[in-house]
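Have a look at the structure below before the remarks.
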Amino acid sequence: MSTILIKGANILSMDPAVGELHRGDILIKDDKIADIGPSIEATADETIDASAMIATPGFVDTHRHTWQSLLRSTGADWTLAQYFAGVRGVMGDLYTPDDMYVANLLGSLEALDAGITTLYDWSHNNNSPDHSDAAVRGLKDAGMRAVFGYGNSNREWVPVSSLPSDFADVKRVRDTHFASDDGLVTMAFAARGPQFATLDVTEEDFRKARELGLRITVHVGDGLWGMNKPLVQLNDRGLLADDTTYVHCTTLHDEDFKLMADTGGTASISPDLELNMGHGFPATLKLLQFGVRPSISIDIVTTVAGDMFNAMRALLSGTRSVVNDIALREKRTVDPLPLMTRDVLEFATLRGAIACGLGHKTGSLTKGKQADLLLINTNSLNMFPINHAPGAVVEAAHVGNIDSVFVAGKARKRHGKLLDVDVLSLRKRVDAARDALFERAGVPTDGSWLPRPFEAAEESEF
């Protein structure tokens with residue numbers, strides 16, 4: 001059994017029983033947190049001086065279409081409709097199984113480098129059994145904690161679809177790769193739901209997923225697509241339960257929020273993406289009003305950055321801006337603020353683990369839980385002096401400040417560098433896969449086929 005003793009860290013545990021320790025120690029034995037407290041006396045194989053570090057639980061991204069990593073930044077100037085046309089209408093069908101592997105490996109390693117120790121891979125481009133297998137292999141080869149959310153093939157996502165899900169392949173993947181739920185990578189089901197499939201197909205999806213013991217996640221309330229009370233529709237079929245995570249939620253009705261809370265559902269909001277692509281303002285305040293503390297997700301790196309720091313800031317600013325704007329129009333001030341940095345850090349860690357069904361394993365620095373944690377270096381000019389640690393992590397830190405990342409007690413990043421990853425070789429493979437994909441699509445790799453911002457502005461009514 002290997003042991004690591006982290007000494008003198010500024011600890012943000014996300015565990016009420018532990019709290020925040022200005023100076024504290026963490027003892028890791030094998031894959032678990034063996035002890036945590038103000039001072040631990042123990043013999044360890046390695047002792048880390050963390051006196052200039054902030055220790056937090058690893059971030060949990062509860063919804064990312066990781067297969068789109070090969071298309072990074074292509075949609076930075078796209079509308080939501082253009083995204084659907086370009087990514088789902090063109091590129092999705094052109095992916096090979098090897099593209100799925102390379103994209104998932106790249107996206108997972110990107111997440112790890114950014115301190116995301118648990119990734120929910122919302123995989124909805126499984127165009128063949130080989131695509132599914134390759135996507136799973138990419139997650140496993142990255143060496144992080146992940147949930148493979150099986151989300152059908154590209155063709156089954158043309159709304160409103162009456163095509164049945166390929167549950168023969170879902171079951172095959174379950175039996176082949178996830179016979180046990182104890183591995184570092186586990187499985188769930190990413191349902192199309194009533195926005196993308198008929199209610200009859202949706203009901204079949206939910207019931208068959210539950211027969212296989214799979215948690216469910218589903219897009220609801222994202223912009224104009226989600227104004228038809230999707231949770232009310234699901235409830236009419238008796239499909240709501242505490243095993244379901246609802247993604248986006250920006251345009252849900254109060255009836256939907258109440259049903260989510262009453263049935264124990266969890267939420268995943270993608271604030272940066274939602275603000276960029278017209279989904280609506282983050283649903284934070286409505287969720288909190290009904291007693292649902294949300295998790296945070298990236299969604300797509302075709303449009304936004306793939307790190308949690310960016311997402312946390314978008315959530316905080318987007319949520320506060322709603323309240324501040326109302327107050328300005330009513331000619332009054334806001335006091336207190338509706339959301340604090342501690343809340344946002346909790347959403348990015350503990351609430352994410354709970355939404356993935358992994359709250360008993362990770363999400364907080366708790367004795368007995370898996371040792372998934374970050375050490376954030378505060379010696380950078382953007383970090384010191386440390387006067388308010390949660391504020392520093394949420395509002396000031398960036399990926400370059402992450403010194404160390406541990407997953408299940410194993411160091412995956414140390415001294416600011418990912419371990420056992422040949423980034424240059426990976427880039428060559430990624431670029432080659434991207435070039436071949438774009439050639440099949442008949443578009444150049446220099447971006448000249450993408451809409452130019454000034455042309456888009458001229459066509460807009462704004």
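Following the order of the structure tokens, chains are lettered A, B, ..., residues in each are numbered from 1, and ligands are numbered from 1.
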Test item: residues at most 12 Å from A:Pro336, only C-alpha atoms, excluding those fewer than 5 positions along its chain, as a VMD selection string: chain A and resid 320 323 to 324
Limited to all heavy atoms, could you put the picked residues into a file as a PDB file, in the first residue's frame?
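To be explicit, this is the file written out as part06.pdb:
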```
ATOM      1  N   ARG A 320     -25.427  36.245 -11.269  1.00  0.00           N
ATOM      2  CA  ARG A 320     -25.491  37.553 -10.614  1.00  0.00           C
ATOM      3  C   ARG A 320     -26.027  38.626 -11.547  1.00  0.00           C
ATOM      4  O   ARG A 320     -26.720  39.556 -11.112  1.00  0.00           O
ATOM      5  CB  ARG A 320     -24.107  37.944 -10.101  1.00  0.00           C
ATOM      6  CG  ARG A 320     -23.642  37.139  -8.888  1.00  0.00           C
ATOM      7  CD  ARG A 320     -22.227  37.516  -8.485  1.00  0.00           C
ATOM      8  NE  ARG A 320     -21.816  36.851  -7.241  1.00  0.00           N
ATOM      9  CZ  ARG A 320     -20.592  36.954  -6.724  1.00  0.00           C
ATOM     10  NH1 ARG A 320     -19.669  37.687  -7.340  1.00  0.00           N
ATOM     11  NH2 ARG A 320     -20.294  36.321  -5.594  1.00  0.00           N
ATOM     12  N   VAL A 323     -29.882  39.066 -11.465  1.00  0.00           N
ATOM     13  CA  VAL A 323     -30.380  39.779 -10.290  1.00  0.00           C
ATOM     14  C   VAL A 323     -29.983  41.255 -10.348  1.00  0.00           C
ATOM     15  O   VAL A 323     -30.781  42.146 -10.036  1.00  0.00           O
ATOM     16  CB  VAL A 323     -29.841  39.127  -9.002  1.00  0.00           C
ATOM     17  CG1 VAL A 323     -30.243  39.928  -7.780  1.00  0.00           C
ATOM     18  CG2 VAL A 323     -30.355  37.699  -8.889  1.00  0.00           C
ATOM     19  N   ASN A 324     -28.743  41.524 -10.750  1.00  0.00           N
ATOM     20  CA  ASN A 324     -28.281  42.914 -10.823  1.00  0.00           C
ATOM     21  C   ASN A 324     -29.062  43.719 -11.855  1.00  0.00           C
ATOM     22  O   ASN A 324     -29.364  44.900 -11.645  1.00  0.00           O
ATOM     23  CB  ASN A 324     -26.789  42.954 -11.155  1.00  0.00           C
ATOM     24  CG  ASN A 324     -25.931  42.490  -9.993  1.00  0.00           C
ATOM     25  OD1 ASN A 324     -26.312  42.630  -8.837  1.00  0.00           O
ATOM     26  ND2 ASN A 324     -24.762  41.940 -10.295  1.00  0.00           N
TER      27      ASN A 324
END
```
Every residue of stretch 31-271 of chain A that DSSP places in helix (DSSP H, G or I), as a ChimeraX atom specification: /A:66-71,80-94,97-113,129-142,154-157,167-177,199-211,223-226,230-236,254-262,271
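The space separating atom CA of A:Leu139 from atom CA of A:Ser108 comes to 6.3 Å.
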Shell around A:Gly24 at 8 Å using only C-alpha atoms, local window under 4 positions removed, as a list in words: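 Near A:Gly24, the qualifying residues are Lys7, Gly8, Ala9, Asn10, Ile11, Ile36, Gly37, Pro38 and Ser39 of chain A.
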Writer output for current selection, N, CA and C atoms, as a PDB file, in the first residue's frame:
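What follows is the written file out-v7.pdb:
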```pdb
ATOM      1  N   LYS A   7       1.144  18.051   3.249  1.00  0.00           N
ATOM      2  CA  LYS A   7       1.323  18.830   4.476  1.00  0.00           C
ATOM      3  C   LYS A   7       1.100  20.331   4.244  1.00  0.00           C
ATOM      4  N   GLY A   8       0.335  20.919   5.156  1.00  0.00           N
ATOM      5  CA  GLY A   8       0.240  22.367   5.251  1.00  0.00           C
ATOM      6  C   GLY A   8      -0.578  23.060   4.196  1.00  0.00           C
ATOM      7  N   ALA A   9      -1.510  22.354   3.554  1.00  0.00           N
ATOM      8  CA  ALA A   9      -2.309  22.961   2.488  1.00  0.00           C
ATOM      9  C   ALA A   9      -3.431  23.817   3.064  1.00  0.00           C
ATOM     10  N   ASN A  10      -3.868  24.785   2.289  1.00  0.00           N
ATOM     11  CA  ASN A  10      -5.106  25.512   2.560  1.00  0.00           C
ATOM     12  C   ASN A  10      -6.224  24.651   1.975  1.00  0.00           C
ATOM     13  N   ILE A  11      -6.994  23.987   2.837  1.00  0.00           N
ATOM     14  CA  ILE A  11      -7.908  22.934   2.394  1.00  0.00           C
ATOM     15  C   ILE A  11      -9.344  23.447   2.288  1.00  0.00           C
ATOM     16  N   ILE A  36      -7.669  13.299   7.282  1.00  0.00           N
ATOM     17  CA  ILE A  36      -7.596  14.711   6.927  1.00  0.00           C
ATOM     18  C   ILE A  36      -7.819  15.512   8.193  1.00  0.00           C
ATOM     19  N   GLY A  37      -7.003  16.545   8.397  1.00  0.00           N
ATOM     20  CA  GLY A  37      -7.140  17.327   9.618  1.00  0.00           C
ATOM     21  C   GLY A  37      -6.069  18.393   9.718  1.00  0.00           C
ATOM     22  N   PRO A  38      -6.092  19.166  10.815  1.00  0.00           N
ATOM     23  CA  PRO A  38      -5.127  20.260  10.979  1.00  0.00           C
ATOM     24  C   PRO A  38      -3.675  19.791  10.991  1.00  0.00           C
ATOM     25  N   SER A  39      -3.425  18.621  11.563  1.00  0.00           N
ATOM     26  CA  SER A  39      -2.048  18.116  11.615  1.00  0.00           C
ATOM     27  C   SER A  39      -2.083  16.596  11.720  1.00  0.00           C
TER      28      SER A  39
END
```
Closest contacts (stretch 58-92 of chain A/stretch 267-275 of chain A, max 10 Å, only C-alpha atoms) as JSON lines:
```
{"residue": "A:Asp61", "atom": "CA", "partner": "A:Ser268", "partner_atom": "CA", "distance": 8.8}
{"residue": "A:Thr62", "atom": "CA", "partner": "A:Ser268", "partner_atom": "CA", "distance": 6.2}
{"residue": "A:His63", "atom": "CA", "partner": "A:Ser268", "partner_atom": "CA", "distance": 7.0}
{"residue": "A:Arg64", "atom": "CA", "partner": "A:Ser270", "partner_atom": "CA", "distance": 9.2}
{"residue": "A:Ala76", "atom": "CA", "partner": "A:Leu273", "partner_atom": "CA", "distance": 9.9}
{"residue": "A:Leu80", "atom": "CA", "partner": "A:Glu274", "partner_atom": "CA", "distance": 9.7}
```
All strand (DSSP E or B) positions in stretch 74-263 of chain A, as number ranges by chain: A: 116-123, 145-150, 161, 185-191, 197, 216-220, 244-248
Who sits within 12 Å of A:Gly416, only C-alpha atoms, same chain under 5 positions skipped, as a PyMOL selection string: chain A and resi 112-115+374-377+398-405+411
Residues just named, written with N, CA and C atoms as a CSV table (one decimal), in the first residue's frame:
```csv
chain,number,residue,atom,x,y,z
A,112,LEU,N,-8.4,16.3,-17.5
A,112,LEU,CA,-7.4,16.0,-16.4
A,112,LEU,C,-6.5,17.1,-16.2
A,113,ASP,N,-5.9,17.6,-17.2
A,113,ASP,CA,-4.9,18.7,-17.1
A,113,ASP,C,-5.6,19.9,-16.5
A,114,ALA,N,-6.9,20.1,-16.7
A,114,ALA,CA,-7.6,21.2,-16.1
A,114,ALA,C,-8.2,20.9,-14.7
A,115,GLY,N,-7.8,19.8,-14.1
A,115,GLY,CA,-8.3,19.5,-12.8
A,115,GLY,C,-9.6,18.8,-12.7
A,374,LEU,N,-7.1,18.1,-6.1
A,374,LEU,CA,-6.2,19.1,-6.8
A,374,LEU,C,-5.3,19.8,-5.8
A,375,LEU,N,-4.1,20.2,-6.2
A,375,LEU,CA,-3.3,21.1,-5.5
A,375,LEU,C,-3.1,22.3,-6.4
A,376,ILE,N,-3.5,23.5,-6.0
A,376,ILE,CA,-3.4,24.7,-6.8
A,376,ILE,C,-2.3,25.6,-6.2
A,377,ASN,N,-1.3,25.9,-7.1
A,377,ASN,CA,-0.2,26.6,-6.6
A,377,ASN,C,-0.5,28.1,-6.5
A,398,HIS,N,-6.5,29.7,-12.8
A,398,HIS,CA,-6.7,29.1,-14.2
A,398,HIS,C,-5.9,27.8,-14.2
A,399,VAL,N,-6.0,27.1,-15.4
A,399,VAL,CA,-5.4,25.8,-15.5
A,399,VAL,C,-3.9,25.8,-15.2
A,400,GLY,N,-3.2,26.9,-15.6
A,400,GLY,CA,-1.8,27.0,-15.3
A,400,GLY,C,-1.4,27.0,-13.9
A,401,ASN,N,-2.4,27.3,-13.0
A,401,ASN,CA,-2.1,27.3,-11.6
A,401,ASN,C,-2.1,25.9,-10.9
A,402,ILE,N,-2.6,24.9,-11.7
A,402,ILE,CA,-2.8,23.6,-11.1
A,402,ILE,C,-1.4,22.9,-11.1
A,403,ASP,N,-0.9,22.6,-9.9
A,403,ASP,CA,0.3,21.9,-9.7
A,403,ASP,C,0.2,20.4,-9.8
A,404,SER,N,-0.9,19.9,-9.1
A,404,SER,CA,-1.0,18.4,-9.0
A,404,SER,C,-2.5,18.0,-9.2
A,405,VAL,N,-2.7,16.9,-9.8
A,405,VAL,CA,-4.0,16.2,-9.9
A,405,VAL,C,-3.8,14.8,-9.5
A,411,ALA,N,-1.1,10.0,-8.9
A,411,ALA,CA,-0.7,11.3,-9.4
A,411,ALA,C,-0.9,11.2,-11.0
```
Contact residues around A:Ala103 with only C-alpha atoms at 9 Å, ignoring same-chain residues under 6 positions, as a count of residues only: 10
Pull the closest atom pair for each residue of stretch 186-221 of chain A that gets at most 9 Å from stretch 231-242 of chain A, along with the distance in Å to one decimal, counting only C-alpha atoms, ordering rows by chain and then ascending residue number, as JSON lines.
```
{"residue": "A:Gly193", "atom": "CA", "partner": "A:Leu234", "partner_atom": "CA", "distance": 8.3}
{"residue": "A:Pro194", "atom": "CA", "partner": "A:Gln233", "partner_atom": "CA", "distance": 7.4}
{"residue": "A:Leu199", "atom": "CA", "partner": "A:Gln233", "partner_atom": "CA", "distance": 7.8}
{"residue": "A:Thr202", "atom": "CA", "partner": "A:Leu234", "partner_atom": "CA", "distance": 8.4}
{"residue": "A:Glu203", "atom": "CA", "partner": "A:Arg237", "partner_atom": "CA", "distance": 7.0}
{"residue": "A:Phe206", "atom": "CA", "partner": "A:Leu239", "partner_atom": "CA", "distance": 6.9}
{"residue": "A:Arg207", "atom": "CA", "partner": "A:Leu239", "partner_atom": "CA", "distance": 7.9}
{"residue": "A:Val220", "atom": "CA", "partner": "A:Leu231", "partner_atom": "CA", "distance": 7.8}
```
Keeping only N, CA and C atoms, write the selected residues to a file as a compact mmCIF listing (two decimals), in the first residue's frame.
```txt
# COMPACT_ATOMS: atom_id res chain seq x y z
N GLY A 193 -34.83 12.06 -24.91
CA GLY A 193 -35.88 12.78 -24.22
C GLY A 193 -36.91 13.38 -25.15
N PRO A 194 -37.94 14.04 -24.58
CA PRO A 194 -39.07 14.52 -25.38
C PRO A 194 -38.75 15.69 -26.30
N LEU A 199 -42.60 10.63 -27.43
CA LEU A 199 -42.80 10.18 -26.05
C LEU A 199 -42.79 8.67 -25.95
N THR A 202 -39.19 7.74 -26.03
CA THR A 202 -38.58 8.19 -24.78
C THR A 202 -38.92 7.26 -23.64
N GLU A 203 -40.17 6.85 -23.56
CA GLU A 203 -40.57 5.94 -22.49
C GLU A 203 -39.82 4.61 -22.60
N PHE A 206 -36.15 5.14 -21.38
CA PHE A 206 -36.02 5.23 -19.92
C PHE A 206 -36.19 3.87 -19.27
N ARG A 207 -37.20 3.14 -19.69
CA ARG A 207 -37.50 1.86 -19.03
C ARG A 207 -36.41 0.82 -19.32
N VAL A 220 -33.01 19.00 -21.27
CA VAL A 220 -34.34 19.59 -21.13
C VAL A 220 -34.20 21.11 -21.01
```
Near-A:Lys367 list (8 Å; only C-alpha atoms; drop same-chain fewer than 2 positions) as a PyMOL selection string: chain A and resi 32-36+365+369
